[in-house]
Amino acid sequence: MIRKVLIANRGEIAVRIAHILREMGISAIGVFTDPDREALHRRSMDEAHRIESYLDAEELVRVARESGANAIHPGYGFLSESTSLSSACENAGITFIGPQTETIRLMGDKLEARRLMQAAGVPVLPAWASNPPESEYPVLVKAVGGGGGKGMRLVQNPSELAEAMAAASREAAKGFNDARVFIEKYARNPRHVEFQVVGDSHGNVMHVFERECSIQRRHQKIIEETPSPALTPELRATMGTMAVAAAKAVAYRGAGTVEFILDADGRFYFLEMNTRLQVEHPVTEFTTGLDLVREQVRIAEGQPLSFRQADLHQTGHSIECRIYAEVPEENFRPDTGTIEVFRPPTGPGIRLDSGVEEGSTVTIDYDPLMAKLIVWAPTRGAAIDRMKRSLRDFVLLGVRNNIEFLGRVVSSKDFASGNLDTHFLDRNSELFRPPAGPLPIEAILAASLSASPVTNGGSSSFSNVWTSGPWRNS
């Protein structure tokens with residue numbers, strides 16, 4: 001039995017995991033670096049230990065052993081999809097709350113993953129090692145071991161191919177220590193639809209429905225929802241079957257995600273498999289009643305899944321918005337500073353997973369994700385209305401952020417109609433222009449909540465409301 005878990009992560013996901021562990025009667029052990037010495041996640045643990053880096057697997061295992069932890073939860077990001085941490089746990093006799101090392105290795109190599117998916121009957125896009133037929137352009141050059149848009153280049157014609165491959169290879173070598181690249185057919189204006197899968201060590205593998213993740217910036221998601229407005233019941237069943245086939249092909253154990261691209265004609269293709277918990281997992285939990293972190297722990301203990309495929313049903317609709325310390329109007333430039341006022345929305349059907357609070361300092365050292373705002377309602381239209389209201393009510397002062405921008409996105413006609421694809425922001429450039437007009441009354445009231453003037457890049461807390469405070473859809 002798992003008694004004590006070291007959470008090898010930070011921010012909102014570390015806080016979220018700690019809450020569930022304590023509900024399960026399991027001690028939560030945190031780690032922190034010097035920039036995180038006063039971070040919320042440190043104070044959310046039963047005990048916390050200083051480390052030099054979240055990327056040092058050997059240090060994390062050493063701290064786990066010294067603290068008496070018999071399991072490590074990697075969260076997402078950092079070492080969650082690295083074989084270095086899972087293999088170090090295996091060598092130390094510590095339970096890794098995630099898939100086996102070999103599964104991570106196979107799915108981390110895009111060429112190997114493609115081969116396995118083809119063998120399992122899962123559709124994949126055409127790909128080439130070099131020089132695709134001219135009729136196949138445009139194409140994507142992709143890093144074999146990469147992700148997050150790094151080592152990726154869009155190529156419109158053959159004359160651009162050699163330079164794009166060289167540039168992608170250099171970026172892949174620097175980012176992933178693997179210079180290999182390949183060429184894949186480019187799907188125009190696709191949706192990004194992923195399926196949550198779970199598997200145990202008893203051979204049970206199931207899917208927990210889909211998430212629509214098409215609204216992205218720099219190949220990273222910012223808004224997710226479930227159910228997807230694009231899927232019919234028949235297409236959902238077909239894609240779910242393929243997601244399970246993909247997971248079975250690698251004897252998947254734990255919670256993971258099979259990602260597909262979906263074209264306008266309803267054809268879908270395997271994109272990749274994320275061998276970890278996803279940032280957007282709360283929308284699945286809201287619509288199914290499952291606790292995916294709790295399920296991860298049970299699976300790691302060797303217990304069978306607590307449900308069958310026939311037991312799973314979705315109720316209502318859920319949307320998640322990622323709250324970043326960044327300036328969308330300036331090409332999503334990250335911002336830093338101290339959070340002087342933090343007043344999240346409240347009410348029925350609202351969940352906030354946060355790694356910050358009033359007084360938290362946002363630095364340049366880590367990803368600018370501060371929190372996730374998740375809503376649930378009986379219908380998609382009602383969920384959109386609830387998200388719009390929640391974003392209007394969200395007061396966050398001291399650090400420039402994307403709250404007002406997210407409000408404009410979910411208030412747009414294309415979002416309301418479900419007209420989504422991965423180029424949504426490119427074709428809705430007006431969303432980057434805040435509406436002119438006087439400060440809304442909520443912003444003035446929010447500024448009055450600040451106990452003292454806030455200096456952030458030369459701006460006072462009052463002037464900072466203009467770009468990061470509440471907004472009114474009028």
# chains A, B, ... in the order shown; residues from 1 in each chain; ligands from 1
>>> closest_atom_pairs(of="range 330-431 of chain A", to="range 208-229 of chain A", cutoff="9 Å", atoms="only C-alpha atoms", output="tab-separated table")
residue	atom	partner	partner_atom	distance
A:Phe332	CA	A:Arg217	CA	8.2
A:Arg380	CA	A:Pro229	CA	8.5
A:Leu406	CA	A:Ile223	CA	8.2
A:Val410	CA	A:Ile223	CA	8.9
A:Ser417	CA	A:Pro229	CA	8.7
A:Gly418	CA	A:Pro229	CA	5.8
A:Asn419	CA	A:Pro229	CA	8.7
A:Leu420	CA	A:Ser214	CA	6.2
A:Asp421	CA	A:Ser214	CA	5.0
A:Thr422	CA	A:Ser214	CA	4.7
A:His423	CA	A:Ile215	CA	7.4
A:Phe424	CA	A:Ile215	CA	6.0
A:Leu425	CA	A:Ile215	CA	7.1
>>> write_last_selection(atoms="C-alpha atoms", output="compact mmCIF listing (two decimals), in the first residue's frame")
# COMPACT_ATOMS: atom_id res chain seq x y z
CA PHE A 332 1.63 36.29 -25.03
CA ARG A 380 -22.82 23.88 -23.42
CA LEU A 406 -10.16 34.57 -22.27
CA VAL A 410 -15.53 32.58 -24.88
CA SER A 417 -21.18 28.13 -32.49
CA GLY A 418 -18.46 25.55 -31.90
CA ASN A 419 -16.54 26.68 -34.99
CA LEU A 420 -13.17 25.64 -33.57
CA ASP A 421 -9.83 24.54 -34.97
CA THR A 422 -6.17 24.91 -34.08
CA HIS A 423 -5.98 28.20 -36.03
CA PHE A 424 -8.89 29.75 -34.10
CA LEU A 425 -6.82 32.65 -32.74
>>> select_by_dssp(residues="range 208-337 of chain A", states="strand (DSSP E)", output="MDAnalysis selection string")
chainID A and resid 208:217 220:226 254:262 268:274 317:324 326:327 333:334 337
>>> closest_residue(among="A:Leu231, A:Leu21, A:Leu262, A:Ala162", to="Arg298 in chain A", atoms="only C-alpha atoms")
A:Leu21
>>> select_by_dssp(residues="range 4-155 of chain A", states="alpha helix (DSSP H)", output="ChimeraX atom specification")
/A:11-23,40-43,57-67,83-92,101-108,110-119
>>> atom_distance(atom1="CA of Ala168 in chain A", atom2="CA of Ser84 in chain A")
24.1 Å
>>> residues_around(residues="Leu277 in chain A", least_positions_apart="6", cutoff="9 Å", atoms="only C-alpha atoms", output="MDAnalysis selection string")
chainID A and resid 74:76 80 98 254:257 292:293 296
>>> write_last_selection(atoms="N, CA and C atoms", output="mmCIF file, in the first residue's frame")
data_model
loop_
_atom_site.group_PDB
_atom_site.id
_atom_site.type_symbol
_atom_site.label_atom_id
_atom_site.label_comp_id
_atom_site.auth_asym_id
_atom_site.auth_seq_id
_atom_site.Cartn_x
_atom_site.Cartn_y
_atom_site.Cartn_z
ATOM 1 N N PRO A 74 4.530 12.211 -10.496
ATOM 2 C CA PRO A 74 5.254 13.216 -11.280
ATOM 3 C C PRO A 74 4.419 14.416 -11.708
ATOM 4 N N GLY A 75 3.074 14.373 -11.534
ATOM 5 C CA GLY A 75 2.251 15.473 -12.023
ATOM 6 C C GLY A 75 2.289 15.539 -13.536
ATOM 7 N N TYR A 76 2.402 16.752 -14.087
ATOM 8 C CA TYR A 76 2.587 16.909 -15.535
ATOM 9 C C TYR A 76 3.776 17.832 -15.759
ATOM 10 N N SER A 80 7.541 14.152 -15.925
ATOM 11 C CA SER A 80 6.385 13.251 -15.963
ATOM 12 C C SER A 80 6.422 12.304 -17.150
ATOM 13 N N GLY A 98 2.443 6.173 -12.422
ATOM 14 C CA GLY A 98 2.376 6.433 -13.846
ATOM 15 C C GLY A 98 2.664 5.153 -14.598
ATOM 16 N N GLY A 254 -2.228 3.154 -15.878
ATOM 17 C CA GLY A 254 -2.326 4.494 -15.313
ATOM 18 C C GLY A 254 -3.267 5.356 -16.128
ATOM 19 N N ALA A 255 -3.189 6.663 -15.920
ATOM 20 C CA ALA A 255 -4.004 7.625 -16.658
ATOM 21 C C ALA A 255 -3.153 8.250 -17.754
ATOM 22 N N GLY A 256 -3.684 8.288 -18.957
ATOM 23 C CA GLY A 256 -2.960 8.880 -20.088
ATOM 24 C C GLY A 256 -3.943 9.454 -21.086
ATOM 25 N N THR A 257 -3.418 10.009 -22.150
ATOM 26 C CA THR A 257 -4.260 10.661 -23.146
ATOM 27 C C THR A 257 -3.807 10.308 -24.548
ATOM 28 N N LEU A 292 -9.515 11.325 -11.144
ATOM 29 C CA LEU A 292 -8.457 10.652 -11.889
ATOM 30 C C LEU A 292 -7.182 10.495 -11.069
ATOM 31 N N VAL A 293 -6.895 11.423 -10.161
ATOM 32 C CA VAL A 293 -5.712 11.272 -9.309
ATOM 33 C C VAL A 293 -5.905 10.105 -8.349
ATOM 34 N N GLN A 296 -5.366 7.030 -10.272
ATOM 35 C CA GLN A 296 -3.944 6.787 -10.506
ATOM 36 C C GLN A 296 -3.289 6.079 -9.320
#
>>> residues_around(residues="Asp367 in chain A", least_positions_apart="5", cutoff="10 Å", atoms="only C-alpha atoms", output="VMD selection string")
chain A and resid 11 77 324 to 325 334 362
>>> closest_residue(among="A:Val395, A:Gly347, A:His207, A:Thr241", to="Leu312 in chain A", atoms="only C-alpha atoms")
A:His207
>>> closest_atom_pairs(of="range 327-423 of chain A", to="range 27-41 of chain A", cutoff="10 Å", atoms="only C-alpha atoms", output="tab-separated table")
residue	atom	partner	partner_atom	distance
A:Ser354	CA	A:Leu40	CA	8.8
A:Gly355	CA	A:Leu40	CA	6.0
A:Val356	CA	A:Leu40	CA	5.9
A:Glu357	CA	A:Leu40	CA	7.1
A:Glu358	CA	A:Leu40	CA	9.9
A:Gly359	CA	A:Glu38	CA	9.3
A:Ser360	CA	A:Ala39	CA	6.6
A:Thr361	CA	A:Ala39	CA	7.8
A:Val362	CA	A:Pro35	CA	9.2
A:Thr363	CA	A:Pro35	CA	7.5
A:Ile364	CA	A:Pro35	CA	9.4
A:Asp365	CA	A:Pro35	CA	7.3
A:Tyr366	CA	A:Pro35	CA	9.2
>>> residues_around(residues="Leu271 in chain A", least_positions_apart="6", cutoff="7 Å", atoms="only C-alpha atoms", output="VMD selection string")
chain A and resid 259 to 261
>>> closest_residue(among="A:Gln196, A:Asn70, A:Gln118, A:Ser411", to="Thr275 in chain A", atoms="only C-alpha atoms")
A:Gln196
>>> residues_around(residues="range 172-184 of chain A", least_positions_apart="6", cutoff="7 Å", atoms="only C-alpha atoms", output="PyMOL selection string")
chain A and resi 125-130+139-146+150-151
>>> closest_residue(among="A:Val297, A:Val205, A:Cys89, A:Ile350", to="Val283 in chain A", atoms="only C-alpha atoms")
A:Ile350
